[in-house]
Amino acid sequence: MVKKKEDIIELKKKIVGVLEKERVVGDVSNESTLIYDKSRFGERVGEKFQYSLVEGLFLLDTKRMNIKDGRGKKVKFDDFLKKARRFDKNFWVKYCVFKDMRSRGYVVKTALKFGAEFRVYGRGIKPGDDHAKWIVYPVHESNTTTWSEFAAKNRVAHSTRKRLLVGVVDDEAEVSYWEISWIRP
């Protein structure tokens with residue numbers, strides 16, 4: 001997919017965030033407000049913006065955010081990844097799916113309250129304007145699942161009126177998507 005120049009958000013300054021355990025927190029600024037308004041990165045909580053770990057790493061990776069640790073030391077990509085993996089051993093797989101979906105122009109948000117990893121909005125749709133189209137479960141190609149786990153995921157998608165998408169990440173960090181749906185014979 002070729003991105004048009006107007007689709008790429010150019011920030012005058014980078015957002016500054018602080019890595020706090022399982023999230024990145026940043027001040028409300030022109031940059032953080034602009035990227036939220038345009039692409040729905042983060043959530044405003046009081047006078048701060050909170051970013052999920054995958055959002056924070058993506059913004060760091062795309063050079064739109066500088067992230068510091070609690071002591072004010074700049075956090076590099078590999079250090080961030082190592083810290084995130086302490087909280088979630090499957091973090092890299094989740095990040096690969098998040099990055100791929102965002103790079104394709106979709107808005108991706110966490111979906112823990114739906115019992116999934118992510119909820120994904122159609123291109124041009126922002127949370128609050130309409131409902132998410134899919135719930136997404138990132139998995140590594142070597143993972144296995146039971147029929148019960150698979151049925152539970154499908155049931156969650158069906159009950160939330162979303163389509164089930166499984167993002168399968170291979171060893172080269174390439175992502176393939178499988179959409180699963182109910183069929184009535």
# chains A, B, ... in the order shown; residues from 1 in each chain; ligands from 1

$ select_by_dssp --residues "region 21-118 of chain A" --states "strand (DSSP E)" --output "list of chain:residue names"
A:Arg23, A:Val24, A:Val25, A:Gly26, A:Asp27, A:Glu43, A:Arg44, A:Val45, A:Lys48, A:Phe49, A:Gln50, A:Tyr51, A:Met65, A:Asn66, A:Ile67, A:Lys68, A:Val107, A:Val108, A:Lys109, A:Thr110, A:Phe118

$ select_by_dssp --residues "region 76-161 of chain A" --states "alpha helix (DSSP H)" --output "PyMOL selection string"
chain A and resi 77-87+91-103+147-159

$ write_last_selection --atoms "N, CA and C atoms" --output "tab-separated table (two decimals), in the first residue's frame"
chain	number	residue	atom	x	y	z
A	77	PHE	N	15.04	1.19	21.35
A	77	PHE	CA	14.10	0.19	20.87
A	77	PHE	C	14.33	-1.17	21.53
A	78	ASP	N	15.56	-1.68	21.48
A	78	ASP	CA	15.86	-3.01	22.02
A	78	ASP	C	15.63	-3.08	23.53
A	79	ASP	N	15.97	-2.00	24.24
A	79	ASP	CA	15.74	-1.97	25.69
A	79	ASP	C	14.25	-1.96	26.01
A	80	PHE	N	13.49	-1.19	25.24
A	80	PHE	CA	12.04	-1.16	25.41
A	80	PHE	C	11.46	-2.56	25.20
A	81	LEU	N	11.88	-3.19	24.12
A	81	LEU	CA	11.39	-4.52	23.80
A	81	LEU	C	11.70	-5.51	24.92
A	82	LYS	N	12.89	-5.45	25.45
A	82	LYS	CA	13.28	-6.34	26.54
A	82	LYS	C	12.41	-6.12	27.78
A	83	LYS	N	12.15	-4.86	28.11
A	83	LYS	CA	11.31	-4.56	29.27
A	83	LYS	C	9.86	-5.01	29.04
A	84	ALA	N	9.36	-4.80	27.84
A	84	ALA	CA	7.98	-5.21	27.53
A	84	ALA	C	7.83	-6.73	27.59
A	85	ARG	N	8.85	-7.44	27.16
A	85	ARG	CA	8.79	-8.92	27.20
A	85	ARG	C	8.77	-9.46	28.62
A	86	ARG	N	9.25	-8.67	29.58
A	86	ARG	CA	9.16	-9.10	30.98
A	86	ARG	C	7.71	-9.18	31.44
A	87	PHE	N	6.88	-8.29	30.91
A	87	PHE	CA	5.45	-8.27	31.26
A	87	PHE	C	4.65	-9.24	30.41
A	91	PHE	N	4.91	-10.50	23.59
A	91	PHE	CA	4.87	-9.10	23.17
A	91	PHE	C	5.33	-8.90	21.74
A	92	TRP	N	6.41	-9.56	21.33
A	92	TRP	CA	6.94	-9.34	19.98
A	92	TRP	C	5.90	-9.72	18.92
A	93	VAL	N	5.21	-10.82	19.11
A	93	VAL	CA	4.18	-11.27	18.18
A	93	VAL	C	3.06	-10.22	18.11
A	94	LYS	N	2.64	-9.73	19.27
A	94	LYS	CA	1.59	-8.70	19.31
A	94	LYS	C	2.05	-7.43	18.60
A	95	TYR	N	3.32	-7.06	18.84
A	95	TYR	CA	3.84	-5.85	18.20
A	95	TYR	C	3.88	-6.00	16.68
A	96	CYS	N	4.28	-7.17	16.18
A	96	CYS	CA	4.34	-7.38	14.73
A	96	CYS	C	2.97	-7.20	14.09
A	97	VAL	N	1.94	-7.73	14.72
A	97	VAL	CA	0.57	-7.58	14.20
A	97	VAL	C	0.13	-6.12	14.28
A	98	PHE	N	0.37	-5.48	15.43
A	98	PHE	CA	0.00	-4.08	15.61
A	98	PHE	C	0.66	-3.21	14.54
A	99	LYS	N	1.97	-3.39	14.38
A	99	LYS	CA	2.73	-2.58	13.41
A	99	LYS	C	2.22	-2.81	12.00
A	100	ASP	N	1.95	-4.06	11.64
A	100	ASP	CA	1.48	-4.36	10.29
A	100	ASP	C	0.11	-3.72	10.04
A	101	MET	N	-0.80	-3.85	11.00
A	101	MET	CA	-2.14	-3.27	10.82
A	101	MET	C	-2.07	-1.74	10.75
A	102	ARG	N	-1.28	-1.12	11.62
A	102	ARG	CA	-1.13	0.34	11.60
A	102	ARG	C	-0.51	0.80	10.29
A	103	SER	N	0.47	0.05	9.81
A	103	SER	CA	1.13	0.40	8.55
A	103	SER	C	0.19	0.29	7.36
A	147	TRP	N	-9.33	-26.94	20.37
A	147	TRP	CA	-10.62	-26.58	19.78
A	147	TRP	C	-11.43	-25.74	20.74
A	148	SER	N	-11.31	-26.02	22.04
A	148	SER	CA	-12.05	-25.23	23.03
A	148	SER	C	-11.59	-23.78	23.04
A	149	GLU	N	-10.29	-23.56	22.98
A	149	GLU	CA	-9.75	-22.19	22.95
A	149	GLU	C	-10.19	-21.49	21.66
A	150	PHE	N	-10.13	-22.22	20.55
A	150	PHE	CA	-10.54	-21.66	19.27
A	150	PHE	C	-12.02	-21.29	19.28
A	151	ALA	N	-12.85	-22.19	19.80
A	151	ALA	CA	-14.29	-21.92	19.87
A	151	ALA	C	-14.59	-20.73	20.77
A	152	ALA	N	-13.83	-20.60	21.87
A	152	ALA	CA	-14.02	-19.46	22.78
A	152	ALA	C	-13.72	-18.14	22.07
A	153	LYS	N	-12.66	-18.11	21.29
A	153	LYS	CA	-12.31	-16.90	20.54
A	153	LYS	C	-13.42	-16.55	19.54
A	154	ASN	N	-13.90	-17.57	18.85
A	154	ASN	CA	-14.96	-17.36	17.87
A	154	ASN	C	-16.24	-16.89	18.55
A	155	ARG	N	-16.53	-17.45	19.71
A	155	ARG	CA	-17.72	-17.06	20.47
A	155	ARG	C	-17.63	-15.59	20.90
A	156	VAL	N	-16.45	-15.17	21.35
A	156	VAL	CA	-16.26	-13.77	21.76
A	156	VAL	C	-16.53	-12.85	20.57
A	157	ALA	N	-15.98	-13.17	19.43
A	157	ALA	CA	-16.19	-12.34	18.24
A	157	ALA	C	-17.67	-12.28	17.89
A	158	HIS	N	-18.32	-13.42	17.90
A	158	HIS	CA	-19.73	-13.48	17.55
A	158	HIS	C	-20.59	-12.68	18.54
A	159	SER	N	-20.31	-12.83	19.83
A	159	SER	CA	-21.12	-12.14	20.84
A	159	SER	C	-20.89	-10.63	20.86

$ residues_around --residues "Glu20 (chain A)" --least-positions-apart "4" --cutoff "9 Å" --atoms "only C-alpha atoms" --output "list in words"
Val24, Val25, Asp69 and Gly70 of chain A

$ closest_residue --among "A:Ile15, A:Val120, A:Ile125, A:Ile180" --to "Thr33 (chain A)" --atoms "only C-alpha atoms"
A:Ile15

$ residues_around --residues "region 109-112 of chain A" --least-positions-apart "2" --cutoff "10 Å" --atoms "only C-alpha atoms" --output "JSON list (two decimals) with N, CA and C atoms, in the first residue's frame"
[["chain", "number", "residue", "atom", "x", "y", "z"],
["A", 40, "ARG", "N", -5.65, 8.48, 16.55],
["A", 40, "ARG", "CA", -6.11, 7.83, 17.78],
["A", 40, "ARG", "C", -5.04, 7.04, 18.52],
["A", 41, "PHE", "N", -3.82, 7.57, 18.55],
["A", 41, "PHE", "CA", -2.79, 6.96, 19.39],
["A", 41, "PHE", "C", -2.98, 7.43, 20.82],
["A", 42, "GLY", "N", -3.02, 6.50, 21.76],
["A", 42, "GLY", "CA", -3.14, 6.82, 23.17],
["A", 42, "GLY", "C", -4.57, 7.10, 23.59],
["A", 43, "GLU", "N", -4.69, 7.35, 24.88],
["A", 43, "GLU", "CA", -5.97, 7.74, 25.48],
["A", 43, "GLU", "C", -5.67, 8.88, 26.45],
["A", 51, "TYR", "N", -0.37, 5.48, 26.71],
["A", 51, "TYR", "CA", -0.18, 4.68, 25.52],
["A", 51, "TYR", "C", 0.07, 3.24, 25.95],
["A", 52, "SER", "N", -0.52, 2.30, 25.24],
["A", 52, "SER", "CA", -0.22, 0.90, 25.51],
["A", 52, "SER", "C", 1.24, 0.66, 25.12],
["A", 54, "VAL", "N", 2.45, -1.50, 23.02],
["A", 54, "VAL", "CA", 2.63, -1.62, 21.57],
["A", 54, "VAL", "C", 2.54, -0.27, 20.88],
["A", 55, "GLU", "N", 1.67, 0.62, 21.36],
["A", 55, "GLU", "CA", 1.59, 1.97, 20.79],
["A", 55, "GLU", "C", 2.89, 2.71, 21.06],
["A", 98, "PHE", "N", 0.37, -5.48, 15.43],
["A", 98, "PHE", "CA", 0.00, -4.08, 15.61],
["A", 98, "PHE", "C", 0.66, -3.21, 14.54],
["A", 106, "TYR", "N", -4.99, 1.04, 9.41],
["A", 106, "TYR", "CA", -6.06, 0.74, 10.36],
["A", 106, "TYR", "C", -5.76, 1.34, 11.72],
["A", 107, "VAL", "N", -6.78, 1.70, 12.46],
["A", 107, "VAL", "CA", -6.63, 2.12, 13.85],
["A", 107, "VAL", "C", -6.78, 0.86, 14.69],
["A", 114, "PHE", "N", -13.01, -7.07, 25.67],
["A", 114, "PHE", "CA", -13.72, -7.96, 24.76],
["A", 114, "PHE", "C", -13.17, -9.39, 24.83],
["A", 115, "GLY", "N", -12.10, -9.58, 25.58],
["A", 115, "GLY", "CA", -11.50, -10.90, 25.66],
["A", 115, "GLY", "C", -10.59, -11.20, 24.49],
["A", 116, "ALA", "N", -10.09, -10.16, 23.83],
["A", 116, "ALA", "CA", -9.17, -10.31, 22.71],
["A", 116, "ALA", "C", -7.98, -9.39, 22.93],
["A", 117, "GLU", "N", -7.01, -9.48, 22.06],
["A", 117, "GLU", "CA", -5.83, -8.62, 22.20],
["A", 117, "GLU", "C", -6.09, -7.23, 21.63],
["A", 118, "PHE", "N", -6.63, -7.18, 20.41],
["A", 118, "PHE", "CA", -6.86, -5.90, 19.74],
["A", 118, "PHE", "C", -8.26, -5.83, 19.15],
["A", 119, "ARG", "N", -8.73, -4.60, 19.01],
["A", 119, "ARG", "CA", -9.90, -4.33, 18.19],
["A", 119, "ARG", "C", -9.40, -3.43, 17.06],
["A", 120, "VAL", "N", -9.90, -3.66, 15.87],
["A", 120, "VAL", "CA", -9.40, -2.96, 14.70],
["A", 120, "VAL", "C", -10.57, -2.29, 13.99],
["A", 121, "TYR", "N", -10.37, -1.02, 13.69],
["A", 121, "TYR", "CA", -11.37, -0.21, 13.01],
["A", 121, "TYR", "C", -11.03, -0.13, 11.53],
["A", 127, "PRO", "N", -12.20, 5.29, 16.66],
["A", 127, "PRO", "CA", -13.00, 4.87, 17.82],
["A", 127, "PRO", "C", -13.89, 6.02, 18.27],
["A", 132, "ALA", "N", -15.63, -1.08, 16.13],
["A", 132, "ALA", "CA", -14.54, -1.83, 15.51],
["A", 132, "ALA", "C", -15.12, -2.90, 14.59],
["A", 135, "ILE", "N", -12.02, -8.18, 15.92],
["A", 135, "ILE", "CA", -11.15, -8.40, 17.08],
["A", 135, "ILE", "C", -10.04, -9.30, 16.56],
["A", 136, "VAL", "N", -8.83, -9.05, 17.05],
["A", 136, "VAL", "CA", -7.66, -9.73, 16.51],
["A", 136, "VAL", "C", -6.91, -10.45, 17.61],
["A", 137, "TYR", "N", -6.52, -11.69, 17.29],
["A", 137, "TYR", "CA", -5.68, -12.50, 18.16],
["A", 137, "TYR", "C", -4.35, -12.74, 17.45]]

$ closest_residue --among "A:Ser176, A:Ser39, A:Ser142, A:Asn30" --to "Leu59 (chain A)" --atoms "only C-alpha atoms"
A:Ser39

$ residues_around --residues "Ser32 (chain A)" --least-positions-apart "5" --cutoff "8 Å" --atoms "only C-alpha atoms" --output "list in words"
Ile15, Gly26, Asp27 and Phe49 of chain A

$ atom_distance --atom1 "CA of Gly167 (chain A)" --atom2 "CA of Lys133 (chain A)"
14.7 Å

$ decode --residues "region 61-149 of chain A" --atoms "C-alpha atoms" --output "PDB file, in the first residue's frame"
ATOM      1  CA  ASP A  61      10.034   2.853  16.089  1.00  0.00           C
ATOM      2  CA  THR A  62       8.471   5.401  13.714  1.00  0.00           C
ATOM      3  CA  LYS A  63      10.450   8.221  15.359  1.00  0.00           C
ATOM      4  CA  ARG A  64       7.419  10.135  16.602  1.00  0.00           C
ATOM      5  CA  MET A  65       8.146   9.626  20.301  1.00  0.00           C
ATOM      6  CA  ASN A  66      11.146   9.767  22.613  1.00  0.00           C
ATOM      7  CA  ILE A  67      10.722   7.489  25.608  1.00  0.00           C
ATOM      8  CA  LYS A  68      12.553   7.799  28.898  1.00  0.00           C
ATOM      9  CA  ASP A  69      12.713   5.496  31.876  1.00  0.00           C
ATOM     10  CA  GLY A  70      11.776   6.585  35.408  1.00  0.00           C
ATOM     11  CA  ARG A  71      15.253   8.097  35.922  1.00  0.00           C
ATOM     12  CA  GLY A  72      15.058  10.241  32.781  1.00  0.00           C
ATOM     13  CA  LYS A  73      17.380   8.055  30.682  1.00  0.00           C
ATOM     14  CA  LYS A  74      16.426   7.675  27.011  1.00  0.00           C
ATOM     15  CA  VAL A  75      15.075   4.201  26.212  1.00  0.00           C
ATOM     16  CA  LYS A  76      16.224   2.557  22.966  1.00  0.00           C
ATOM     17  CA  PHE A  77      14.099   0.187  20.870  1.00  0.00           C
ATOM     18  CA  ASP A  78      15.859  -3.010  22.023  1.00  0.00           C
ATOM     19  CA  ASP A  79      15.740  -1.972  25.694  1.00  0.00           C
ATOM     20  CA  PHE A  80      12.035  -1.156  25.411  1.00  0.00           C
ATOM     21  CA  LEU A  81      11.387  -4.524  23.797  1.00  0.00           C
ATOM     22  CA  LYS A  82      13.284  -6.344  26.538  1.00  0.00           C
ATOM     23  CA  LYS A  83      11.308  -4.555  29.273  1.00  0.00           C
ATOM     24  CA  ALA A  84       7.979  -5.208  27.532  1.00  0.00           C
ATOM     25  CA  ARG A  85       8.791  -8.917  27.200  1.00  0.00           C
ATOM     26  CA  ARG A  86       9.164  -9.098  30.981  1.00  0.00           C
ATOM     27  CA  PHE A  87       5.454  -8.272  31.260  1.00  0.00           C
ATOM     28  CA  ASP A  88       4.352 -10.302  28.254  1.00  0.00           C
ATOM     29  CA  LYS A  89       6.387 -13.116  26.694  1.00  0.00           C
ATOM     30  CA  ASN A  90       4.208 -12.850  23.553  1.00  0.00           C
ATOM     31  CA  PHE A  91       4.866  -9.101  23.174  1.00  0.00           C
ATOM     32  CA  TRP A  92       6.938  -9.341  19.977  1.00  0.00           C
ATOM     33  CA  VAL A  93       4.179 -11.266  18.175  1.00  0.00           C
ATOM     34  CA  LYS A  94       1.593  -8.704  19.313  1.00  0.00           C
ATOM     35  CA  TYR A  95       3.836  -5.854  18.197  1.00  0.00           C
ATOM     36  CA  CYS A  96       4.340  -7.383  14.729  1.00  0.00           C
ATOM     37  CA  VAL A  97       0.573  -7.585  14.197  1.00  0.00           C
ATOM     38  CA  PHE A  98      -0.005  -4.082  15.612  1.00  0.00           C
ATOM     39  CA  LYS A  99       2.731  -2.584  13.414  1.00  0.00           C
ATOM     40  CA  ASP A 100       1.476  -4.361  10.294  1.00  0.00           C
ATOM     41  CA  MET A 101      -2.139  -3.266  10.824  1.00  0.00           C
ATOM     42  CA  ARG A 102      -1.133   0.341  11.597  1.00  0.00           C
ATOM     43  CA  SER A 103       1.131   0.400   8.550  1.00  0.00           C
ATOM     44  CA  ARG A 104      -1.877  -0.631   6.446  1.00  0.00           C
ATOM     45  CA  GLY A 105      -3.860   2.374   7.707  1.00  0.00           C
ATOM     46  CA  TYR A 106      -6.063   0.738  10.356  1.00  0.00           C
ATOM     47  CA  VAL A 107      -6.634   2.116  13.850  1.00  0.00           C
ATOM     48  CA  VAL A 108      -5.731  -0.594  16.361  1.00  0.00           C
ATOM     49  CA  LYS A 109      -6.672  -0.399  20.039  1.00  0.00           C
ATOM     50  CA  THR A 110      -6.477  -2.873  22.901  1.00  0.00           C
ATOM     51  CA  ALA A 111      -9.492  -5.150  23.371  1.00  0.00           C
ATOM     52  CA  LEU A 112      -9.000  -6.740  26.761  1.00  0.00           C
ATOM     53  CA  LYS A 113     -12.577  -5.965  27.800  1.00  0.00           C
ATOM     54  CA  PHE A 114     -13.725  -7.961  24.764  1.00  0.00           C
ATOM     55  CA  GLY A 115     -11.498 -10.903  25.662  1.00  0.00           C
ATOM     56  CA  ALA A 116      -9.175 -10.311  22.705  1.00  0.00           C
ATOM     57  CA  GLU A 117      -5.833  -8.621  22.203  1.00  0.00           C
ATOM     58  CA  PHE A 118      -6.857  -5.900  19.741  1.00  0.00           C
ATOM     59  CA  ARG A 119      -9.897  -4.330  18.188  1.00  0.00           C
ATOM     60  CA  VAL A 120      -9.404  -2.957  14.698  1.00  0.00           C
ATOM     61  CA  TYR A 121     -11.368  -0.205  13.008  1.00  0.00           C
ATOM     62  CA  GLY A 122     -11.844   0.013   9.253  1.00  0.00           C
ATOM     63  CA  ARG A 123      -9.687   2.484   7.363  1.00  0.00           C
ATOM     64  CA  GLY A 124     -10.803   6.040   8.024  1.00  0.00           C
ATOM     65  CA  ILE A 125     -12.909   5.019  11.042  1.00  0.00           C
ATOM     66  CA  LYS A 126     -11.930   6.315  14.480  1.00  0.00           C
ATOM     67  CA  PRO A 127     -12.996   4.869  17.822  1.00  0.00           C
ATOM     68  CA  GLY A 128     -16.097   6.721  18.923  1.00  0.00           C
ATOM     69  CA  ASP A 129     -17.189   7.400  15.330  1.00  0.00           C
ATOM     70  CA  ASP A 130     -18.199   3.783  14.749  1.00  0.00           C
ATOM     71  CA  HIS A 131     -17.605   0.294  16.144  1.00  0.00           C
ATOM     72  CA  ALA A 132     -14.537  -1.832  15.514  1.00  0.00           C
ATOM     73  CA  LYS A 133     -14.828  -4.189  12.568  1.00  0.00           C
ATOM     74  CA  TRP A 134     -12.601  -6.989  13.919  1.00  0.00           C
ATOM     75  CA  ILE A 135     -11.154  -8.400  17.075  1.00  0.00           C
ATOM     76  CA  VAL A 136      -7.659  -9.725  16.511  1.00  0.00           C
ATOM     77  CA  TYR A 137      -5.678 -12.496  18.162  1.00  0.00           C
ATOM     78  CA  PRO A 138      -1.955 -12.406  17.329  1.00  0.00           C
ATOM     79  CA  VAL A 139      -0.259 -15.818  17.343  1.00  0.00           C
ATOM     80  CA  HIS A 140       3.129 -17.166  16.309  1.00  0.00           C
ATOM     81  CA  GLU A 141       3.011 -19.728  13.517  1.00  0.00           C
ATOM     82  CA  SER A 142       4.474 -22.375  15.838  1.00  0.00           C
ATOM     83  CA  ASN A 143       1.750 -21.946  18.486  1.00  0.00           C
ATOM     84  CA  THR A 144      -0.951 -24.530  18.914  1.00  0.00           C
ATOM     85  CA  THR A 145      -4.446 -24.113  20.264  1.00  0.00           C
ATOM     86  CA  THR A 146      -7.182 -26.451  21.373  1.00  0.00           C
ATOM     87  CA  TRP A 147     -10.616 -26.585  19.777  1.00  0.00           C
ATOM     88  CA  SER A 148     -12.054 -25.234  23.032  1.00  0.00           C
ATOM     89  CA  GLU A 149      -9.750 -22.187  22.950  1.00  0.00           C
TER      90      GLU A 149
END
